[in-house]
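What's in structure-v2.txt: compact mmCIF, C-alpha atoms and all ligand atoms
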```txt
# COMPACT_ATOMS: atom_id res chain seq x y z
CA MET U 1 116.69 75.92 96.27
CA ASN U 2 113.62 75.72 94.02
CA ILE U 3 111.83 79.05 94.25
CA GLU U 4 109.17 78.16 91.69
CA ARG U 5 107.89 75.48 94.06
CA LEU U 6 107.07 78.23 96.59
CA LEU U 7 104.74 80.12 94.23
CA ARG U 8 100.98 79.84 94.41
CA ASP U 9 99.66 77.53 91.68
CA ASN U 10 97.57 80.22 89.97
CA ILE U 11 100.62 82.51 89.83
CA LYS U 12 102.82 79.87 88.16
CA SER U 13 100.63 79.93 85.07
CA ILE U 14 99.26 83.49 85.13
CA LYS U 15 99.49 85.70 82.05
CA ALA U 16 100.28 89.39 82.58
CA TYR U 17 97.94 92.05 81.20
CA SER U 18 99.51 93.47 78.09
CA SER U 19 99.05 97.24 77.95
CA ALA U 20 99.37 99.46 74.87
CA ARG U 21 102.80 100.59 76.09
CA ASP U 22 103.88 96.99 76.63
CA GLU U 23 103.04 96.13 73.05
CA TYR U 24 104.80 99.12 71.49
CA LYS U 25 107.44 100.13 73.98
CA ASP U 26 109.30 103.11 72.58
CA ALA U 27 107.09 106.03 73.63
CA SER U 28 109.83 108.49 72.64
CA ALA U 29 109.88 107.30 69.00
CA ASP U 30 108.70 109.75 66.34
CA MET U 31 105.41 107.98 65.71
CA VAL U 32 101.75 108.85 65.74
CA PHE U 33 100.48 107.25 68.95
CA ILE U 34 96.83 106.37 68.59
CA ASP U 35 96.96 103.02 70.37
CA ALA U 36 95.98 103.84 73.98
CA ASN U 37 92.83 105.99 73.74
CA GLU U 38 94.64 108.90 75.38
CA ASN U 39 93.69 112.53 74.90
CA PRO U 40 96.22 113.79 72.31
CA PHE U 41 96.45 117.35 73.66
CA GLU U 42 99.72 117.90 75.52
CA SER U 43 99.43 118.51 79.29
CA THR U 44 102.76 116.85 80.27
CA VAL U 45 100.77 113.96 81.74
CA ASN U 46 98.24 113.16 78.99
CA ARG U 47 100.15 109.96 78.09
CA TYR U 48 100.30 106.77 80.16
CA PRO U 49 103.53 106.42 82.13
CA ASP U 50 106.28 103.93 81.28
CA PRO U 51 104.96 100.63 82.74
CA GLN U 52 108.53 99.41 83.33
CA GLN U 53 109.95 102.73 84.65
CA THR U 54 113.07 102.20 82.55
CA ALA U 55 114.84 105.50 83.27
CA LEU U 56 114.30 105.22 87.00
CA LYS U 57 115.46 101.60 87.15
CA GLN U 58 118.51 102.48 85.06
CA ARG U 59 119.50 105.09 87.62
CA LEU U 60 118.88 102.73 90.56
CA SER U 61 120.81 100.01 88.78
CA VAL U 62 123.88 102.26 88.56
CA LEU U 63 123.52 103.53 92.14
CA LYS U 64 122.98 100.15 93.76
CA GLY U 65 125.07 97.94 91.47
CA VAL U 66 122.11 95.69 90.63
CA GLU U 67 120.81 94.68 87.21
CA LYS U 68 117.62 96.41 86.04
CA SER U 69 116.09 92.94 85.71
CA GLN U 70 116.52 92.55 89.48
CA ILE U 71 114.47 95.64 90.37
CA LEU U 72 110.72 96.06 90.75
CA LEU U 73 109.10 99.36 91.76
CA GLY U 74 105.88 99.71 93.72
CA ASN U 75 103.43 102.34 94.89
CA GLY U 76 105.30 102.51 98.20
CA SER U 77 106.97 99.45 99.75
CA ASP U 78 103.50 98.59 100.96
CA GLU U 79 102.49 97.67 97.39
CA VAL U 80 105.70 95.69 96.96
CA LEU U 81 104.97 93.72 100.14
CA ASP U 82 101.40 93.05 99.00
CA LEU U 83 102.65 91.72 95.65
CA ILE U 84 105.02 89.38 97.50
CA PHE U 85 102.11 88.04 99.56
CA ARG U 86 99.99 87.50 96.48
CA ALA U 87 102.78 85.72 94.62
CA PHE U 88 103.74 83.25 97.33
CA CYS U 89 100.98 82.88 99.91
CA GLU U 90 97.91 80.72 99.30
CA PRO U 91 94.98 82.23 101.25
CA LYS U 92 93.76 80.11 104.19
CA THR U 93 96.62 77.66 103.71
CA ASP U 94 100.02 79.32 103.99
CA ASN U 95 101.60 81.28 106.81
CA VAL U 96 104.27 83.94 107.26
CA ILE U 97 106.64 84.56 110.16
CA THR U 98 107.03 87.96 111.77
CA LEU U 99 109.18 89.07 114.69
CA PRO U 100 107.28 91.49 116.93
CA PRO U 101 107.61 94.25 117.87
CA THR U 102 107.88 95.25 114.22
CA TYR U 103 106.28 97.13 111.33
CA GLY U 104 102.51 96.81 111.46
CA MET U 105 101.92 96.37 107.73
CA TYR U 106 103.11 92.73 107.67
CA LYS U 107 100.15 91.75 109.82
CA VAL U 108 97.70 94.01 107.98
CA LEU U 109 98.73 92.46 104.67
CA ALA U 110 98.61 88.93 106.09
CA ASP U 111 95.08 89.54 107.38
CA LEU U 112 94.04 91.10 104.08
CA ASN U 113 95.32 88.08 102.16
CA ALA U 114 93.88 85.56 104.69
CA ILE U 115 97.34 84.30 105.66
CA ASP U 116 98.19 83.04 109.14
CA ILE U 117 100.97 84.66 111.12
CA LEU U 118 103.46 82.75 113.23
CA SER U 119 105.15 85.27 115.46
CA VAL U 120 108.39 84.87 117.34
CA VAL U 121 108.95 87.79 119.69
CA LEU U 122 112.43 89.35 119.59
CA GLU U 123 114.92 88.89 122.42
CA SER U 124 114.97 91.60 125.09
CA ASP U 125 117.86 93.22 123.17
CA PHE U 126 115.60 93.20 120.08
CA GLU U 127 117.64 90.58 118.19
CA PRO U 128 115.86 87.68 116.44
CA LYS U 129 115.65 84.28 118.16
CA VAL U 130 117.23 82.39 115.28
CA ASP U 131 116.84 78.80 116.52
CA GLU U 132 113.26 79.32 117.58
CA ILE U 133 112.32 80.87 114.23
CA LEU U 134 113.91 78.04 112.27
CA LYS U 135 112.17 75.50 114.49
CA ILE U 136 108.70 77.02 114.21
CA GLN U 137 108.68 77.08 110.37
CA ASN U 138 106.62 74.43 108.58
CA SER U 139 106.03 73.42 104.97
CA ASN U 140 103.45 76.23 104.59
CA SER U 141 105.77 78.96 105.90
CA LYS U 142 106.34 81.04 102.79
CA LEU U 143 107.71 84.36 104.02
CA LEU U 144 109.90 85.52 106.89
CA PHE U 145 109.97 89.29 107.49
CA LEU U 146 113.19 90.76 108.87
CA CYS U 147 112.93 94.50 109.34
CA SER U 148 116.47 95.83 109.76
CA PRO U 149 116.85 98.51 111.04
CA ASN U 150 113.67 97.49 112.80
CA ASN U 151 110.68 99.75 113.33
CA PRO U 152 109.90 100.63 116.17
CA THR U 153 112.97 99.34 118.04
CA ALA U 154 115.50 101.24 115.82
CA ASN U 155 118.24 98.57 115.95
CA SER U 156 119.73 96.65 113.04
CA PHE U 157 119.83 92.90 113.40
CA ASN U 158 123.16 91.15 113.80
CA ALA U 159 124.34 90.22 110.29
CA ASP U 160 125.39 86.68 111.24
CA LYS U 161 121.90 86.03 112.60
CA VAL U 162 120.29 87.36 109.44
CA GLU U 163 122.55 85.14 107.36
CA ARG U 164 121.67 82.06 109.42
CA LEU U 165 118.00 82.86 108.91
CA ILE U 166 118.35 83.30 105.14
CA LYS U 167 120.25 79.99 104.93
CA GLY U 168 117.97 78.06 107.27
CA PHE U 169 114.53 79.32 106.24
CA LYS U 170 112.87 77.18 103.58
CA GLY U 171 110.73 80.01 102.19
CA ILE U 172 111.45 83.57 101.08
CA VAL U 173 113.21 85.95 103.46
CA VAL U 174 112.13 89.58 103.01
CA VAL U 175 114.64 92.02 104.50
CA ASP U 176 112.86 95.36 104.88
CA GLU U 177 115.51 98.05 104.62
CA ALA U 178 113.29 101.13 104.82
CA TYR U 179 115.89 102.76 107.14
CA ILE U 180 119.08 101.41 105.56
CA ASP U 181 120.29 104.87 104.49
CA PHE U 182 120.62 105.88 108.15
CA SER U 183 122.34 102.66 109.13
CA THR U 184 125.98 101.78 109.74
CA GLN U 185 125.23 98.29 108.38
CA LYS U 186 125.72 97.17 104.81
CA SER U 187 122.64 96.58 102.68
CA TRP U 188 121.77 92.97 101.88
CA VAL U 189 121.34 94.03 98.25
CA SER U 190 125.04 93.25 97.75
CA ARG U 191 124.41 89.60 98.77
CA LEU U 192 121.46 88.92 96.45
CA SER U 193 123.39 86.66 94.08
CA GLU U 194 124.27 84.31 96.97
CA PHE U 195 120.69 83.75 98.13
CA PRO U 196 117.90 82.86 95.67
CA ASN U 197 115.33 83.13 98.49
CA LEU U 198 116.28 86.71 99.44
CA ILE U 199 114.12 89.76 98.71
CA VAL U 200 115.29 93.21 99.86
CA THR U 201 112.86 96.12 100.01
CA GLN U 202 113.75 99.80 100.26
CA THR U 203 111.79 103.02 99.90
CA LEU U 204 112.16 106.67 98.97
CA SER U 205 109.82 107.55 101.86
CA LYS U 206 112.39 107.98 104.62
CA ALA U 207 115.97 109.14 103.91
CA TYR U 208 115.10 110.35 100.41
CA GLY U 209 112.36 112.60 101.74
CA LEU U 210 109.71 111.53 99.24
CA ALA U 211 107.00 109.86 101.34
CA GLY U 212 104.38 111.81 99.39
CA ILE U 213 105.18 110.35 95.96
CA ARG U 214 104.91 106.69 97.08
CA LEU U 215 107.90 104.85 95.67
CA GLY U 216 108.99 101.50 97.05
CA ILE U 217 111.80 99.38 95.65
CA CYS U 218 112.19 95.63 95.56
CA TYR U 219 115.48 93.88 94.77
CA ALA U 220 115.54 90.14 94.16
CA SER U 221 116.59 87.45 91.70
CA GLU U 222 115.55 87.87 88.07
CA PHE U 223 113.12 85.01 88.53
CA ILE U 224 111.30 86.59 91.46
CA ILE U 225 111.21 90.02 89.79
CA ARG U 226 109.75 88.47 86.63
CA VAL U 227 106.93 86.92 88.66
CA LEU U 228 106.15 90.13 90.59
CA ASN U 229 106.23 92.08 87.33
CA LYS U 230 103.58 89.80 85.87
CA ILE U 231 101.14 90.47 88.70
CA LYS U 232 101.72 94.18 89.36
CA PRO U 233 99.11 96.68 88.11
CA PRO U 234 100.37 97.76 84.66
CA TYR U 235 100.84 101.48 85.39
CA ASN U 236 101.51 101.29 89.12
CA ILE U 237 104.09 104.11 89.20
CA ASN U 238 102.56 107.34 87.94
CA GLN U 239 104.37 109.79 85.70
CA LEU U 240 104.79 112.52 88.33
CA THR U 241 106.34 110.03 90.74
CA GLN U 242 108.78 108.76 88.12
CA ILE U 243 109.91 112.32 87.31
CA LYS U 244 110.25 113.41 90.92
CA ALA U 245 112.09 110.26 91.99
CA LEU U 246 114.57 110.56 89.14
CA GLU U 247 115.26 114.21 90.02
CA ARG U 248 116.01 113.24 93.60
CA LEU U 249 118.24 110.33 92.62
CA GLU U 250 120.23 112.77 90.52
CA ALA U 251 120.70 115.13 93.49
CA LEU U 252 122.25 112.58 95.84
CA SER U 253 124.51 115.07 97.59
CA ASP U 254 121.39 116.80 98.92
CA VAL U 255 120.11 113.48 100.26
CA LYS U 256 123.48 112.70 101.85
CA ASN U 257 123.62 116.11 103.52
CA GLU U 258 120.14 115.71 104.94
CA VAL U 259 120.91 112.21 106.25
CA GLN U 260 124.12 113.51 107.83
CA ASN U 261 122.18 116.33 109.48
CA ILE U 262 119.54 113.91 110.79
CA LEU U 263 122.23 111.62 112.24
CA GLU U 264 123.89 114.55 114.01
CA GLN U 265 120.53 115.69 115.32
CA ARG U 266 119.82 112.15 116.51
CA ASN U 267 122.88 112.30 118.76
CA ILE U 268 121.99 115.75 120.04
CA LEU U 269 118.46 114.58 120.78
CA ARG U 270 119.71 111.46 122.50
CA ASN U 271 122.02 113.46 124.76
CA ALA U 272 119.22 115.86 125.59
CA LEU U 273 116.79 113.04 126.43
CA ALA U 274 119.22 111.26 128.74
CA PRO U 275 119.00 113.57 131.80
CA ILE U 276 115.19 113.84 131.75
CA THR U 277 114.07 112.04 134.89
CA PHE U 278 110.89 110.42 133.58
CA ILE U 279 112.80 108.88 130.66
CA LYS U 280 113.91 105.53 131.98
CA GLN U 281 115.76 104.03 129.03
CA ILE U 282 116.89 105.18 125.58
CA TYR U 283 117.49 102.32 123.15
CA PRO U 284 120.35 102.37 120.62
CA SER U 285 119.29 103.66 117.21
CA ASP U 286 120.56 102.81 113.74
CA ALA U 287 117.69 104.75 112.10
CA ASN U 288 116.12 108.23 112.04
CA PHE U 289 114.11 107.72 115.21
CA ILE U 290 114.68 106.94 118.86
CA LEU U 291 112.70 104.54 121.02
CA ALA U 292 112.61 105.51 124.67
CA LYS U 293 110.95 104.01 127.73
CA VAL U 294 109.24 106.53 130.00
CA ASP U 295 107.47 106.28 133.35
CA ASP U 296 103.96 106.42 131.85
CA ALA U 297 103.71 106.49 128.04
CA ASN U 298 100.00 107.32 127.89
CA LEU U 299 100.41 110.25 130.27
CA ARG U 300 103.49 111.64 128.49
CA TYR U 301 101.91 111.13 125.06
CA HIS U 302 98.86 113.20 125.99
CA GLN U 303 100.93 115.86 127.72
CA LEU U 304 102.98 116.28 124.54
CA ILE U 305 99.84 116.46 122.38
CA GLU U 306 98.58 119.29 124.58
CA LYS U 307 101.82 121.13 123.92
CA GLY U 308 101.50 120.62 120.17
CA ILE U 309 103.93 117.71 119.71
CA VAL U 310 102.89 114.39 118.20
CA VAL U 311 105.08 111.36 118.92
CA ARG U 312 104.22 107.69 118.41
CA ASN U 313 103.01 105.84 121.48
CA ARG U 314 104.17 102.22 121.19
CA THR U 315 103.13 101.08 124.65
CA THR U 316 100.72 98.39 123.41
CA GLN U 317 103.47 96.59 121.47
CA VAL U 318 105.15 93.60 123.02
CA LEU U 319 108.53 94.52 124.65
CA CYS U 320 107.62 98.21 124.23
CA GLU U 321 105.62 98.82 127.38
CA ASN U 322 105.70 102.56 128.17
CA CYS U 323 107.75 103.29 125.07
CA LEU U 324 107.47 106.37 122.88
CA ARG U 325 109.01 106.65 119.43
CA PHE U 326 110.53 110.01 118.51
CA THR U 327 111.30 110.74 114.87
CA VAL U 328 114.37 112.97 114.56
CA GLY U 329 113.19 116.33 113.24
CA THR U 330 115.00 119.52 112.28
CA ALA U 331 117.22 121.21 114.88
CA GLU U 332 114.41 123.65 115.52
CA GLU U 333 111.80 120.91 116.01
CA ASN U 334 114.10 118.94 118.29
CA ASN U 335 114.77 122.03 120.38
CA ILE U 336 111.04 122.56 120.84
CA LEU U 337 110.65 118.91 121.88
CA ILE U 338 113.49 119.12 124.40
CA LYS U 339 112.23 122.36 125.86
CA ILE U 340 108.72 120.95 126.32
CA LEU U 341 109.96 117.62 127.76
CA ASN U 342 111.99 119.53 130.33
CA GLN U 343 108.91 121.48 131.36
CA LEU U 344 106.73 118.43 131.98
CA SER U 345 106.24 117.18 135.49
C1 LIG U 401 108.11 103.58 106.73
C2 LIG U 401 108.34 102.14 106.48
C3 LIG U 401 108.15 101.61 105.21
C4 LIG U 401 107.81 102.52 104.10
O1 LIG U 401 106.74 102.18 103.39
P1 LIG U 401 106.36 103.00 102.09
O2 LIG U 401 105.11 102.33 101.69
O3 LIG U 401 107.47 102.80 101.09
O4 LIG U 401 106.20 104.44 102.46
C5 LIG U 401 108.42 100.27 104.99
N1 LIG U 401 108.84 99.48 106.01
C6 LIG U 401 109.03 99.97 107.23
C7 LIG U 401 109.55 99.10 108.30
C8 LIG U 401 108.77 101.31 107.51
O5 LIG U 401 108.94 101.78 108.75
```
What is this structure when it is put down as structure tokens?
Ligand SMILES: *Cc1c(COP(=O)(O)O)cnc(C)c1O
Amino acid sequence: MNIERLLRDNIKSIKAYSSARDEYKDASADMVFIDANENPFESTVNRYPDPQQTALKQRLSVLKGVEKSQILLGNGSDEVLDLIFRAFCEPKTDNVITLPPTYGMYKVLADLNAIDILSVVLESDFEPKVDEILKIQNSNSKLLFLCSPNNPTANSFNADKVERLIKGFKGIVVVDEAYIDFSTQKSWVSRLSEFPNLIVTQTLSKAYGLAGIRLGICYASEFIIRVLNKIKPPYNINQLTQIKALERLEALSDVKNEVQNILEQRNILRNALAPITFIKQIYPSDANFILAKVDDANLRYHQLIEKGIVVRNRTTQVLCENCLRFTVGTAEENNILIKILNQLS
């Protein structure tokens, strides 16, 4: 499969901006650094950050078993997704395929980049319609977004279906694994070498508890990473984010304990939701949230707001009529939710 052919013409030939720290890389060397017009007085952040985030990628490389050259970091996965659009999708010409109901940013980014969307609604069990997706693609279909576990439906897609899609789609398949750390499924990162058209995105915003620092991760072939690296803003990951992320990735047992706690709480919450009479259906979850169908989502949403609880009302999304999405909180938060739900009439 020729990936270069999928790139936009201007991207094929683009030259990356060369920053001061790209031209002389070893910021730790015992040198006088007067090449970047920085203020020389030490404040811990008076110097530009490492544009290639070497220490952070080294740690991720060890943790995930992927070469550093196959990792790109972004200011949240949202920046990563935007870079992917700008690398592959020619405005007003190309299209991408999404599978609603799913993460809203794919459409926002498509609109922003003037890219058409072909959407193929999921089956009623929230699995992708593989044949229909492969049939609808055309020569301008550059990206296919598979969000697994999917937001807001909470299920992971069947792995055989995902594999058929990666093999049958003629563009790039982006598997968004924002919730993979809560999932019983294996990450597609381990299959990267088999599929040159596969991009996997992850984030530190969910299981790692670092939504505030904005760190998204992209895993792909060396070729794709090289292209995305060329077009990313030079210092897109700030110094404070690099430090904080590295600290967290070195305290993995804390992350694992928190994930374990959230998964236990998810089951407790699920069992407590089940007997509530206005909750009509609770969908299976492979993530840190639960989608549930209620009698009247707008009514229940506003009743909860009045009691000081904010959930996500997904009722306007296809297949999600009268559905609310509950993020699993702490035991204390979940207890408050359950108590309030049981008081509503
Ligand atoms: C929350 C979420 C993200 C995270 O985006 P960040 O920009 O990394 O915070 C990505 N994809 C999906 C499906 C999400 O739900």
Skipping near chain neighbours, those fewer than 2 positions away, what residues fall within 8 Å of range 294-304 of chain U using all atoms listed in the file, listed as a PDB file with C-alpha atoms, in the frame of the given file?
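What landed in part.pdb:
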```pdb
ATOM      1  CA  PHE U 278     110.890 110.420 133.580  1.00  0.00           C
ATOM      2  CA  ILE U 279     112.800 108.880 130.660  1.00  0.00           C
ATOM      3  CA  LYS U 280     113.910 105.530 131.980  1.00  0.00           C
ATOM      4  CA  GLN U 281     115.760 104.030 129.030  1.00  0.00           C
ATOM      5  CA  ALA U 292     112.610 105.510 124.670  1.00  0.00           C
ATOM      6  CA  GLU U 306      98.580 119.290 124.580  1.00  0.00           C
ATOM      7  CA  LYS U 307     101.820 121.130 123.920  1.00  0.00           C
ATOM      8  CA  GLY U 308     101.500 120.620 120.170  1.00  0.00           C
ATOM      9  CA  ILE U 309     103.930 117.710 119.710  1.00  0.00           C
ATOM     10  CA  VAL U 310     102.890 114.390 118.200  1.00  0.00           C
ATOM     11  CA  VAL U 311     105.080 111.360 118.920  1.00  0.00           C
ATOM     12  CA  ARG U 312     104.220 107.690 118.410  1.00  0.00           C
ATOM     13  CA  ASN U 313     103.010 105.840 121.480  1.00  0.00           C
ATOM     14  CA  THR U 315     103.130 101.080 124.650  1.00  0.00           C
ATOM     15  CA  GLU U 321     105.620  98.820 127.380  1.00  0.00           C
ATOM     16  CA  ASN U 322     105.700 102.560 128.170  1.00  0.00           C
ATOM     17  CA  CYS U 323     107.750 103.290 125.070  1.00  0.00           C
ATOM     18  CA  LEU U 324     107.470 106.370 122.880  1.00  0.00           C
ATOM     19  CA  ILE U 340     108.720 120.950 126.320  1.00  0.00           C
ATOM     20  CA  LEU U 341     109.960 117.620 127.760  1.00  0.00           C
ATOM     21  CA  LEU U 344     106.730 118.430 131.980  1.00  0.00           C
TER      22      LEU U 344
END
```
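One finds CA of Ile199 in chain U at 7.8 Å from CA of Ser221 in chain U.
Considering only C-alpha atoms, the residue among U:Gln53, U:Ser61, U:Thr98, U:Ser190 positioned nearest to Asn236 in chain U is U:Gln53.
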Test item: residues no farther than 8 Å from ligand LIG 401 (chain U), counting only C-alpha atoms and all ligand atoms, as a ChimeraX atom specification: /U:75-79,102-103,105,147-152,176-179,201-206,211,214-217
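Each of U:Glu42, U:Lys135, U:Ile213, U:Gln70 was checked against Leu246 in chain U using all atoms listed in the file; the smallest atom-to-atom distance is that of U:Ile213.
The smallest atom-to-atom distance between Glu4 in chain U and any of U:Gly171, U:Pro49, U:Pro91, U:Pro284, using all atoms listed in the file, is found for U:Gly171.
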Residue among U:Lys57, U:Arg164, U:Lys12, U:Lys170 lying closest to Ile136 in chain U, counting only C-alpha atoms: U:Lys170
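CA of Arg86 in chain U sits 28.3 Å away from CA of Ala154 in chain U.
From CA of Ser285 in chain U back to CA of Leu273 in chain U, the distance works out to 13.4 Å.
With all atoms listed in the file taken into account, the protein and nucleic acid residues at most 8 Å from Pro100 in chain U (excluding it and anything under 6 positions from it in its own chain) are Ser119, Val120, Val121, Leu122, Gln317 and Val318 of chain U.
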If you keep C-alpha atoms, can you produce a file of those selected residues as a PDB file, in the frame of the given file?
```
ATOM      1  CA  SER U 119     105.150  85.270 115.460  1.00  0.00           C
ATOM      2  CA  VAL U 120     108.390  84.870 117.340  1.00  0.00           C
ATOM      3  CA  VAL U 121     108.950  87.790 119.690  1.00  0.00           C
ATOM      4  CA  LEU U 122     112.430  89.350 119.590  1.00  0.00           C
ATOM      5  CA  GLN U 317     103.470  96.590 121.470  1.00  0.00           C
ATOM      6  CA  VAL U 318     105.150  93.600 123.020  1.00  0.00           C
TER       7      VAL U 318
END
```
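With all atoms listed in the file as the atoms that count, the residue of U:Phe126, U:Asp160, U:Val227, U:Asn288 with the shortest distance to Ile180 in chain U is U:Asn288.
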